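coords.txt, holding compact mmCIF, C-alpha atoms:
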```
# COMPACT_ATOMS: atom_id res chain seq x y z
CA MET O 220 -19.47 -9.92 21.01
CA ALA O 221 -16.61 -8.22 22.83
CA PRO O 222 -13.43 -7.41 20.94
CA ASN O 223 -10.61 -9.92 21.24
CA VAL O 224 -7.96 -8.06 23.22
CA THR O 225 -4.67 -9.86 23.62
CA ASN O 226 -1.34 -8.51 24.86
CA VAL O 227 0.88 -10.01 22.21
CA ASP O 228 3.54 -8.52 19.99
CA SER O 229 1.99 -9.36 16.64
CA THR O 230 5.21 -8.57 14.81
CA SER O 231 7.07 -11.29 16.68
CA SER O 232 8.06 -14.19 14.48
CA ASN O 233 6.77 -16.61 17.13
CA SER O 234 3.36 -15.00 17.49
CA SER O 235 0.51 -17.31 16.61
CA VAL O 236 -2.30 -15.15 17.99
CA ILE O 237 -4.60 -13.70 15.38
CA ILE O 238 -6.47 -10.55 16.41
CA GLN O 239 -10.13 -10.51 15.44
CA PHE O 240 -12.19 -7.35 15.10
CA ASN O 241 -15.78 -6.44 15.80
CA PRO O 242 -16.49 -3.68 13.27
CA VAL O 243 -19.91 -2.87 14.76
CA LEU O 244 -18.32 -1.95 18.10
CA GLN O 245 -14.86 -0.85 17.03
CA LEU O 246 -15.45 0.95 13.73
CA MET O 247 -18.36 3.33 14.24
CA ILE O 248 -17.41 5.73 11.44
CA LYS O 249 -18.01 4.47 7.90
CA LEU O 250 -16.04 5.94 5.04
CA VAL O 251 -18.57 7.46 2.66
CA GLY O 252 -16.24 9.60 0.57
CA SER O 253 -13.57 12.24 0.74
CA HIS O 254 -15.50 14.44 3.19
CA ASN O 255 -14.91 12.06 6.13
CA PHE O 256 -11.74 10.29 4.99
CA THR O 257 -9.51 11.96 7.59
CA THR O 258 -11.74 10.95 10.51
CA TRP O 259 -12.22 7.42 9.15
CA LYS O 260 -8.45 7.04 8.63
CA ALA O 261 -7.77 8.14 12.22
CA GLN O 262 -10.26 5.54 13.50
CA ILE O 263 -8.64 2.69 11.53
CA SER O 264 -5.12 3.85 12.39
CA MET O 265 -5.86 3.97 16.12
CA LEU O 266 -7.41 0.51 16.09
CA MET O 267 -4.51 -1.01 14.18
CA CYS O 268 -1.90 0.77 16.31
CA GLY O 269 -3.73 -0.34 19.45
CA HIS O 270 -3.36 -3.95 18.37
CA ASN O 271 0.19 -3.40 17.07
CA LEU O 272 -0.98 -4.22 13.53
CA PHE O 273 -0.42 -0.93 11.69
CA SER O 274 2.63 -2.53 10.07
CA HIS O 275 0.21 -4.41 7.81
CA LEU O 276 -1.04 -1.07 6.47
CA ASP O 277 2.22 0.84 6.17
CA GLY O 278 4.12 -2.08 4.62
CA SER O 279 6.66 -2.51 7.40
CA SER O 280 5.35 -6.05 7.90
CA PRO O 281 5.82 -7.54 4.43
CA THR O 282 4.45 -10.90 3.42
CA PRO O 283 6.72 -13.60 4.90
CA SER O 284 8.25 -16.16 2.57
CA THR O 285 6.12 -19.25 2.03
CA THR O 286 8.94 -21.60 3.01
CA ILE O 287 11.81 -21.56 5.49
CA THR O 288 15.17 -23.31 5.33
CA LYS O 289 15.58 -25.77 8.18
CA ASN O 290 18.18 -28.54 8.23
CA TYR O 291 18.65 -28.28 4.46
CA ARG O 292 14.90 -28.66 3.93
CA GLN O 293 12.30 -26.09 3.00
CA PRO O 294 9.11 -26.76 4.95
CA GLU O 295 6.17 -24.36 4.80
CA ASN O 296 6.62 -21.24 6.87
CA PRO O 297 3.89 -21.26 9.58
CA ASN O 298 4.26 -17.48 9.96
CA ASP O 299 3.15 -17.04 6.35
CA ASN O 300 -0.28 -18.51 7.07
CA ILE O 301 -0.65 -16.54 10.31
CA TRP O 302 0.36 -13.32 8.56
CA PHE O 303 -2.06 -14.01 5.69
CA CYS O 304 -4.98 -14.74 8.04
CA GLN O 305 -4.30 -11.59 10.08
CA ASP O 306 -3.99 -9.51 6.92
CA GLN O 307 -7.31 -10.85 5.63
CA LEU O 308 -9.02 -9.94 8.93
CA ILE O 309 -7.57 -6.42 8.71
CA GLN O 310 -8.80 -6.10 5.15
CA ASN O 311 -12.22 -7.38 6.24
CA ALA O 312 -12.36 -4.77 9.03
CA ILE O 313 -11.55 -2.07 6.48
CA MET O 314 -14.23 -3.38 4.13
CA ALA O 315 -16.79 -3.42 6.95
CA SER O 316 -16.00 0.21 7.73
CA VAL O 317 -16.63 1.62 4.25
CA ASP O 318 -19.80 2.38 2.32
CA PRO O 319 -20.88 -0.49 0.02
CA THR O 320 -20.08 1.67 -3.02
CA ILE O 321 -16.46 1.94 -1.80
CA ALA O 322 -16.12 -1.71 -0.74
CA VAL O 323 -15.26 -2.65 -4.33
CA ILE O 324 -11.93 -0.81 -3.97
CA VAL O 325 -11.09 -2.81 -0.84
CA ALA O 326 -12.24 -6.13 -2.31
CA ALA O 327 -10.14 -5.66 -5.44
CA ALA O 328 -6.94 -5.07 -3.49
CA SER O 329 -4.93 -7.59 -1.54
CA PRO O 330 -3.01 -7.47 0.81
CA ALA O 331 -4.49 -4.93 3.26
CA LYS O 332 -1.67 -2.47 2.45
CA LEU O 333 -2.81 -2.31 -1.16
CA ALA O 334 -6.42 -1.69 -0.05
CA TRP O 335 -5.19 1.04 2.34
CA ASP O 336 -3.10 2.66 -0.39
CA SER O 337 -5.97 2.46 -2.90
CA LEU O 338 -8.28 4.28 -0.50
CA HIS O 339 -5.60 6.92 0.06
CA ILE O 340 -5.25 7.47 -3.67
CA ALA O 341 -9.01 7.69 -4.13
CA TYR O 342 -9.89 9.91 -1.17
CA ALA O 343 -6.95 11.50 0.69
CA ASN O 344 -6.09 14.15 -1.88
CA LYS O 345 -9.76 15.04 -2.36
CA SER O 346 -10.11 15.32 1.41
CA GLN O 347 -7.18 17.76 1.65
CA THR O 348 -8.54 19.78 -1.26
CA ARG O 349 -11.91 19.95 0.49
CA VAL O 350 -10.27 21.22 3.70
CA PHE O 351 -8.42 23.95 1.80
CA ASN O 352 -11.60 24.93 -0.06
CA LEU O 353 -13.57 25.15 3.19
CA ARG O 354 -10.86 27.29 4.80
CA ASP O 355 -10.86 29.56 1.78
CA GLN O 356 -14.66 29.85 1.82
CA LEU O 357 -14.67 30.60 5.56
CA ALA O 358 -12.00 33.26 5.12
CA ARG O 359 -14.19 35.02 2.55
CA LEU O 360 -17.42 34.89 4.58
CA SER O 361 -18.45 37.85 6.69
CA LYS O 362 -21.06 38.47 9.38
CA ASP O 363 -22.37 41.98 8.94
CA SER O 364 -19.14 43.86 8.29
CA PRO O 365 -16.38 41.93 10.14
CA PRO O 366 -14.90 38.76 8.59
CA VAL O 367 -16.04 35.45 10.11
CA ALA O 368 -12.66 34.84 11.77
CA LYS O 369 -12.95 38.13 13.68
CA TYR O 370 -16.63 37.52 14.46
CA LEU O 371 -15.88 34.04 15.88
CA HIS O 372 -12.93 35.32 17.89
```
What is this structure when it is put down as structure tokens?
Amino acid sequence: MAPNVTNVDSTSSNSSVIIQFNPVLQLMIKLVGSHNFTTWKAQISMLMCGHNLFSHLDGSSPTPSTTITKNYRQPENPNDNIWFCQDQLIQNAIMASVDPTIAVIVAAASPAKLAWDSLHIAYANKSQTRVFNLRDQLARLSKDSPPVAKYLH
């Protein structure tokens, strides 16, 4: 199944197009823990930015109100349902791109921004710590007598 690619501004209040994802084709890297969080995050970010949907993850597209005021009435806001459906598909794409042991974090959080933030809290800091530890370990390694940095250069 090919990805649904549509040239639509998904932040527009008149947009009724919902972008669907194909995680098998679009999300090749699965989050398995802090050691690949940075790469996984880049993959999700690029996909969401490419579809103009990153606002669901960074919170700049908040949940619309459930009703609108129109001629002194308050009918249901159609954008609320569209936003909710799109947010659920984003959350589903995130869930499909994580290890089953991590999927619980995504499933317990709604909307997608909360799932995104929960994964950041759980893995981003550990990922940065791991990078610093690896740099420190590499700086201390040596090949024969020169340090690794000099040997590699």
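Atom CA of Leu353 of chain O is found 13.5 Å from atom CA of Asn255 of chain O.
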Name all residues at most 8 Å from Pro330 of chain O (count only C-alpha atoms; drop same-chain ones fewer than 5 positions away) and give them as a ChimeraX atom specification. /O:306-307,310
Atomic distance atom CA of Asp318 of chain O - atom CA of Ile248 of chain O, expressed in Å with one decimal: 10.0 Å
Quick one: residues within 12 Å of Gly252 of chain O, only C-alpha atoms, excluding same-chain residues fewer than 2 positions away - as a ChimeraX atom specification? /O:248-250,254-260,316-322,338-346,349
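Atom CA of Thr282 of chain O is positioned 18.2 Å from atom CA of His270 of chain O.
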At most 10 Å from (-15.2, -0.2, 11.9), file frame, only C-alpha atoms: which residues, as an NGL selection string? :O and (240-250 or 259 or 262-263 or 266 or 311-317)
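Minimum atom-to-atom distance to Ile324 of chain O, evaluated using all atoms listed in the file, belongs to O:Asp336 out of O:Asn296, O:Pro281, O:Leu272, O:Asp336.
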Considering all atoms listed in the file, can you say which of O:Thr286, O:Ala331, O:Pro294, O:Phe303 comes closest to Met267 of chain O? O:Ala331
